[in-house]
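Printed here is entry-v4.cif (mmCIF, C-alpha atoms):
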```
data_entry
loop_
_atom_site.label_atom_id
_atom_site.label_comp_id
_atom_site.auth_asym_id
_atom_site.auth_seq_id
_atom_site.Cartn_x
_atom_site.Cartn_y
_atom_site.Cartn_z
CA GLY A 508 -11.13 8.33 -12.73
CA THR A 509 -12.36 5.85 -15.35
CA ASP A 510 -15.22 5.70 -17.83
CA ALA A 511 -18.45 3.91 -16.91
CA ALA A 512 -17.11 0.60 -18.20
CA GLY A 513 -14.06 0.85 -15.96
CA ALA A 514 -11.86 0.50 -19.01
CA GLY A 515 -10.58 3.96 -19.98
CA ASP A 516 -8.87 6.80 -18.16
CA LEU A 517 -11.00 9.97 -17.84
CA VAL A 518 -8.61 11.49 -15.24
CA ASN A 519 -9.56 13.09 -11.95
CA HIS A 520 -6.92 15.73 -11.38
CA SER A 521 -6.71 14.98 -7.66
CA TYR A 522 -7.34 11.98 -5.41
CA GLY A 523 -9.78 9.30 -6.39
CA LEU A 524 -11.05 9.02 -2.82
CA ARG A 525 -9.79 10.75 0.33
CA ILE A 526 -10.81 10.09 3.94
CA ASP A 527 -9.61 13.09 5.85
CA TYR A 528 -8.46 13.87 9.35
CA GLY A 529 -11.61 13.42 11.41
CA GLY A 530 -12.76 10.33 9.55
CA THR A 531 -13.33 7.12 11.46
CA TRP A 532 -14.76 3.64 10.82
CA VAL A 533 -15.10 4.27 7.07
CA SER A 534 -15.24 1.30 4.71
CA VAL A 535 -13.99 1.65 1.13
CA GLY A 536 -15.34 -1.32 -0.79
CA GLY A 537 -16.05 -4.63 0.90
CA PRO A 538 -15.58 -8.40 0.64
CA GLY A 539 -18.94 -9.16 -0.97
CA ALA A 540 -19.64 -9.54 -4.66
CA GLY A 541 -19.98 -6.13 -6.29
CA GLU A 542 -18.86 -4.21 -3.20
CA GLY A 543 -15.41 -3.29 -4.53
CA ASN A 544 -14.58 -0.12 -6.42
CA VAL A 545 -12.42 0.59 -9.43
CA VAL A 546 -10.22 3.47 -8.24
CA SER A 547 -7.97 4.25 -11.16
CA GLY A 548 -6.88 7.03 -13.50
CA ASN A 549 -6.43 9.68 -10.80
CA ASP A 550 -3.64 12.24 -10.88
CA GLY A 551 -3.40 12.85 -7.11
CA GLY A 552 -3.29 9.24 -5.97
CA GLY A 553 -5.96 6.56 -5.76
CA ILE A 554 -7.19 6.14 -2.17
CA VAL A 555 -5.87 8.33 0.66
CA VAL A 556 -6.57 7.56 4.32
CA ASN A 557 -5.66 10.30 6.81
CA ALA A 558 -7.99 8.80 9.41
CA HIS A 559 -8.35 5.83 11.76
CA HIS A 560 -10.17 2.50 12.03
CA CYS A 561 -10.95 2.43 8.30
CA THR A 562 -10.94 -0.56 5.96
CA VAL A 563 -10.09 -0.78 2.28
CA GLU A 564 -11.30 -4.10 0.85
CA GLY A 565 -12.05 -5.71 -2.49
CA ASN A 566 -10.98 -2.80 -4.69
CA LEU A 567 -9.11 -2.56 -7.97
CA VAL A 568 -6.62 0.28 -7.57
CA GLY A 569 -4.67 1.20 -10.69
CA THR A 570 -6.31 -1.32 -13.02
CA ASP A 571 -9.33 -1.55 -15.29
CA ALA A 572 -12.52 -3.32 -14.21
CA SER A 573 -11.11 -6.71 -15.20
CA GLY A 574 -8.04 -6.29 -13.00
CA LEU A 575 -5.90 -7.34 -15.95
CA ALA A 576 -4.80 -4.03 -17.53
CA ALA A 577 -3.34 -0.86 -16.06
CA VAL A 578 -5.24 2.42 -15.68
CA PRO A 579 -2.63 4.14 -13.52
CA ASN A 580 -3.05 6.39 -10.53
CA VAL A 581 -0.26 8.93 -10.10
CA PRO A 582 1.87 8.83 -7.95
CA PHE A 583 0.52 5.95 -5.79
CA GLY A 584 -2.38 3.55 -5.42
CA VAL A 585 -3.20 3.61 -1.69
CA GLY A 586 -1.73 6.10 0.80
CA LEU A 587 -1.84 6.05 4.62
CA PHE A 588 -0.47 9.36 5.75
CA SER A 589 0.03 11.42 8.90
CA TYR A 590 -2.49 13.36 10.98
CA GLY A 591 -3.24 10.25 13.01
CA ALA A 592 -3.70 7.55 10.37
CA HIS A 593 -3.84 4.52 12.66
CA ASP A 594 -5.58 1.19 13.13
CA ASN A 595 -6.51 1.00 9.45
CA ARG A 596 -6.58 -2.22 7.45
CA ILE A 597 -5.86 -2.61 3.75
CA GLY A 598 -7.24 -5.99 2.67
CA ALA A 599 -7.98 -9.02 4.85
CA ALA A 600 -7.69 -12.81 4.83
CA ALA A 601 -10.89 -13.48 2.85
CA ALA A 602 -10.35 -13.67 -0.90
CA GLY A 603 -13.13 -11.17 -1.52
CA ALA A 604 -11.38 -8.61 0.68
CA ARG A 605 -8.23 -8.70 -1.44
CA ASN A 606 -7.29 -5.45 -3.13
CA VAL A 607 -5.43 -5.54 -6.43
CA ILE A 608 -3.07 -2.57 -6.16
CA SER A 609 -1.17 -2.69 -9.40
CA GLY A 610 -0.44 -0.75 -12.55
CA ASN A 611 0.10 2.56 -10.76
CA ALA A 612 2.56 5.15 -12.08
CA GLY A 613 4.49 5.30 -8.83
CA TYR A 614 4.15 3.28 -5.61
CA GLY A 615 1.51 0.68 -4.93
CA VAL A 616 1.01 1.45 -1.21
CA TRP A 617 2.65 4.47 0.46
CA VAL A 618 2.67 4.60 4.29
CA ALA A 619 4.23 7.70 5.79
CA GLY A 620 4.34 9.97 8.84
CA LEU A 621 5.50 9.83 12.45
CA GLU A 622 1.87 9.82 13.60
CA THR A 623 0.99 6.91 11.29
CA HIS A 624 0.95 3.67 13.29
CA ASP A 625 -0.73 0.33 13.94
CA ASN A 626 -1.93 -0.25 10.40
CA ALA A 627 -2.08 -3.54 8.49
CA ILE A 628 -1.69 -4.59 4.85
CA LEU A 629 -3.16 -8.09 4.52
CA GLY A 630 -3.96 -10.47 1.70
CA ASN A 631 -3.43 -8.10 -1.23
CA TYR A 632 -1.99 -8.41 -4.72
CA VAL A 633 0.59 -5.65 -5.24
CA GLY A 634 2.27 -5.60 -8.63
CA VAL A 635 0.38 -8.52 -10.17
CA ASP A 636 -2.95 -8.72 -11.95
CA ALA A 637 -6.22 -10.07 -10.51
CA THR A 638 -5.25 -13.64 -11.33
CA GLY A 639 -2.08 -13.35 -9.25
CA ALA A 640 -0.22 -15.08 -12.05
CA SER A 641 1.00 -12.23 -14.28
CA ALA A 642 2.95 -9.08 -13.53
CA LEU A 643 1.10 -5.77 -13.65
CA PRO A 644 3.83 -3.55 -12.23
CA ASN A 645 3.62 -0.49 -10.10
CA ALA A 646 6.29 1.71 -11.65
CA PHE A 647 8.26 2.13 -8.42
CA SER A 648 8.22 -0.01 -5.27
CA GLY A 649 5.23 -2.11 -4.30
CA VAL A 650 5.13 -0.74 -0.73
CA LEU A 651 6.97 2.40 0.43
CA LEU A 652 7.38 3.01 4.18
CA GLN A 653 8.55 6.35 5.58
CA GLU A 654 8.77 6.84 9.36
CA ALA A 655 5.54 4.96 10.06
CA SER A 656 5.65 2.47 12.93
CA THR A 657 4.03 -0.81 13.95
CA LEU A 658 2.94 -1.75 10.46
CA ALA A 659 1.96 -5.35 9.72
CA ILE A 660 2.63 -6.51 6.16
CA GLY A 661 0.98 -9.90 6.05
CA GLY A 662 -0.14 -11.93 9.04
CA PRO A 663 0.03 -15.46 10.50
CA ALA A 664 -3.45 -16.61 9.47
CA ALA A 665 -4.29 -18.32 6.20
CA GLY A 666 -4.92 -15.76 3.47
CA GLU A 667 -3.24 -12.86 5.26
CA GLY A 668 -0.06 -13.00 3.19
CA ASN A 669 0.37 -10.50 0.38
CA VAL A 670 1.71 -11.22 -3.08
CA ILE A 671 4.18 -8.36 -3.68
CA SER A 672 5.94 -9.01 -6.96
CA GLY A 673 6.64 -7.73 -10.42
CA ASN A 674 7.09 -4.10 -9.40
CA GLY A 675 9.48 -1.67 -11.05
CA HIS A 676 11.76 -1.42 -8.01
CA ASP A 677 11.80 -3.08 -4.59
CA GLY A 678 8.87 -5.07 -3.31
CA VAL A 679 9.02 -3.26 0.04
CA LEU A 680 11.19 -0.18 0.51
CA SER A 681 11.61 1.71 3.77
CA GLY A 682 13.08 5.16 4.12
CA ASP A 683 13.70 4.55 7.83
CA LEU A 684 14.19 0.84 8.38
CA VAL A 685 15.71 1.17 11.87
CA ARG A 686 12.42 2.66 13.17
CA LEU A 687 10.25 0.16 11.33
CA ALA A 688 8.36 -2.40 13.40
CA ALA A 689 6.89 -4.40 10.53
CA THR A 690 5.88 -8.07 10.52
CA PHE A 691 6.09 -10.31 7.51
CA HIS A 692 4.33 -13.47 8.79
CA ALA A 693 3.27 -15.59 5.83
CA ALA A 694 3.90 -12.71 3.42
CA LYS A 695 4.70 -13.98 -0.07
CA LEU A 696 7.56 -11.67 -0.98
CA ILE A 697 8.59 -13.57 -4.07
CA ASP A 698 11.22 -12.89 -6.73
CA GLY A 699 13.84 -12.41 -4.03
CA GLN A 700 12.14 -9.35 -2.56
CA LEU A 701 12.59 -10.52 1.05
CA SER A 702 16.33 -11.01 0.69
CA ARG A 703 16.61 -7.58 -0.96
CA LEU A 704 14.73 -6.02 1.94
CA MET A 705 16.99 -7.72 4.50
CA ALA A 706 20.09 -6.48 2.68
CA ALA A 707 18.65 -2.97 2.52
CA THR A 708 17.92 -3.10 6.26
CA ALA A 709 21.52 -3.99 7.07
CA ASP A 710 22.94 -1.30 4.79
CA ASN A 711 20.57 1.35 6.16
CA ALA A 712 21.45 0.49 9.76
CA LYS A 713 25.18 0.73 9.02
CA GLU A 714 24.77 4.12 7.38
CA MET A 715 22.73 5.51 10.28
CA LEU A 716 25.18 4.20 12.90
CA SER A 717 28.09 5.65 10.95
CA ALA A 718 26.39 9.03 10.68
CA ALA A 719 25.83 9.02 14.44
CA GLY A 720 29.52 8.24 15.06
CA MET A 721 28.67 4.80 16.39
CA GLY A 722 29.77 2.61 13.53
#
```
Show how you would write the structure in this file as structure tokens.
Amino acid sequence: GTDAAGAGDLVNHSYGLRIDYGGTWVSVGGPGAGEGNVVSGNDGGGIVVNAHHCTVEGNLVGTDASGLAAVPNVPFGVGLFSYGAHDNRIGAAAAGARNVISGNAGYGVWVAGLETHDNAILGNYVGVDATGASALPNAFSGVLLQEASTLAIGGPAAGEGNVISGNGHDGVLSGDLVRLAATFHAAKLIDGQLSRLMAATADNAKEMLSAAGMG
């Protein structure tokens, strides 16, 4: 979706990259020098994974080739959707595997679907630039979760925490927090994002219990 220099928006009018239903064991980018992609300037979303056992590592999603300026994807950077999207990993502990998912005109990462499960988001920058020091906001929430289950956001090992900050709305927003089985070990949800998520969880649970006549 960008020009050859990775600096300007030439616009693909659909996804930048899509791994569809039967896909398995596909790697998008990698942790080594020069293995990452610039996936930006797309009007149907940046990277879409409707598959299983895939990895997305070392990419710039929603930025220019420097990772310092926005070249937005619309309406999200990385999407894990239904049709059996499971056991996929976005990022990893190694610094070279970090994705910068920032500057998108919508959500940074969107995980949705009842059949979407056992995925992990590890070691990424979401809403900040490639230095990790300056905001490069996704226009809406950094991570949006809808009905997906058993999702790990961050992990216990060194380097597995995400920096999720500077986004236009919540750092992590769930449309169905009672069903969510997410882990936040070592995740760096700064700027008060973790407390906002906890408050949202409590409010959502109260509303659902009330609607069911139990609260």
> Is there a way to get, as an MDAnalysis selection string, all residues within 6 Å of the point (1.3, 14.6, 10.7) in file coordinates, counting all atoms listed in the file?
Replying inline: chainID A and resid 589:590 620 622
> What's the 8 Å shell around Ala514 (chain A), counting only C-alpha atoms, without same-chain residues fewer than 6 positions away, as a PyMOL selection string?
Replying inline: chain A and resi 571-572+578
> Which residues fall under the PyMOL selection byres ((chain A and resi 527-544) around 7) in this file, as a count of residues only?
Replying inline: 19
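Minimum atom-to-atom distance to Asn631 (chain A), evaluated using all atoms listed in the file, belongs to A:Ile671 out of A:Leu643, A:Ile671, A:Ala619, A:Leu658.
Of the residues listed (A:Gly523, A:Gly615, A:Gly548, A:Pro663), A:Gly615 shows the shortest atom-to-atom separation from Gly675 (chain A); distances use all atoms listed in the file.
Candidate residues A:Asn611, A:Asn595, A:Ser641, A:Asn669 were compared for distance to Pro579 (chain A), and the nearest is A:Asn611, using all atoms listed in the file.
Between CA of Asn626 (chain A) and CA of Thr638 (chain A) the separation is 25.7 Å.
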Since the input is missing atoms for region 533-552 of chain A, could you rebuild it with N, CA and C atoms and give the result as a short mmCIF file (atom, residue, chain, number, x, y, z; two decimals), in the coordinates of the input?
```cif
data_model
loop_
_atom_site.label_atom_id
_atom_site.label_comp_id
_atom_site.auth_asym_id
_atom_site.auth_seq_id
_atom_site.Cartn_x
_atom_site.Cartn_y
_atom_site.Cartn_z
N VAL A 533 -14.63 4.17 8.45
CA VAL A 533 -15.10 4.27 7.07
C VAL A 533 -14.66 3.01 6.32
N SER A 534 -15.57 2.45 5.55
CA SER A 534 -15.24 1.30 4.71
C SER A 534 -15.20 1.73 3.24
N VAL A 535 -14.11 1.40 2.56
CA VAL A 535 -13.99 1.65 1.13
C VAL A 535 -14.05 0.29 0.44
N GLY A 536 -15.14 0.00 -0.22
CA GLY A 536 -15.34 -1.32 -0.79
C GLY A 536 -15.79 -2.31 0.28
N GLY A 537 -15.66 -3.58 -0.03
CA GLY A 537 -16.05 -4.63 0.90
C GLY A 537 -15.79 -5.99 0.30
N PRO A 538 -15.93 -7.05 1.11
CA PRO A 538 -15.58 -8.40 0.64
C PRO A 538 -16.65 -9.08 -0.20
N GLY A 539 -17.85 -8.53 -0.24
CA GLY A 539 -18.94 -9.16 -0.97
C GLY A 539 -18.90 -8.89 -2.45
N ALA A 540 -19.58 -9.73 -3.21
CA ALA A 540 -19.64 -9.54 -4.66
C ALA A 540 -20.21 -8.18 -5.01
N GLY A 541 -19.52 -7.44 -5.86
CA GLY A 541 -19.98 -6.13 -6.29
C GLY A 541 -19.71 -4.99 -5.33
N GLU A 542 -19.10 -5.27 -4.18
CA GLU A 542 -18.86 -4.21 -3.20
C GLU A 542 -17.57 -3.43 -3.47
N GLY A 543 -16.67 -3.97 -4.26
CA GLY A 543 -15.41 -3.29 -4.53
C GLY A 543 -15.56 -2.17 -5.53
N ASN A 544 -14.62 -1.26 -5.50
CA ASN A 544 -14.58 -0.12 -6.42
C ASN A 544 -13.42 -0.26 -7.39
N VAL A 545 -13.55 0.38 -8.52
CA VAL A 545 -12.42 0.59 -9.43
C VAL A 545 -11.94 2.02 -9.18
N VAL A 546 -10.77 2.15 -8.58
CA VAL A 546 -10.22 3.47 -8.24
C VAL A 546 -8.94 3.64 -9.04
N SER A 547 -9.07 4.21 -10.21
CA SER A 547 -7.97 4.25 -11.16
C SER A 547 -8.03 5.53 -11.99
N GLY A 548 -6.91 5.88 -12.61
CA GLY A 548 -6.88 7.03 -13.50
C GLY A 548 -6.91 8.37 -12.81
N ASN A 549 -6.42 8.43 -11.56
CA ASN A 549 -6.43 9.68 -10.80
C ASN A 549 -5.03 10.27 -10.73
N ASP A 550 -4.95 11.58 -10.84
CA ASP A 550 -3.64 12.24 -10.88
C ASP A 550 -3.13 12.71 -9.52
N GLY A 551 -3.88 12.48 -8.45
CA GLY A 551 -3.40 12.85 -7.11
C GLY A 551 -3.25 11.66 -6.20
N GLY A 552 -3.30 10.46 -6.76
CA GLY A 552 -3.29 9.24 -5.97
C GLY A 552 -4.66 8.59 -6.00
#
```
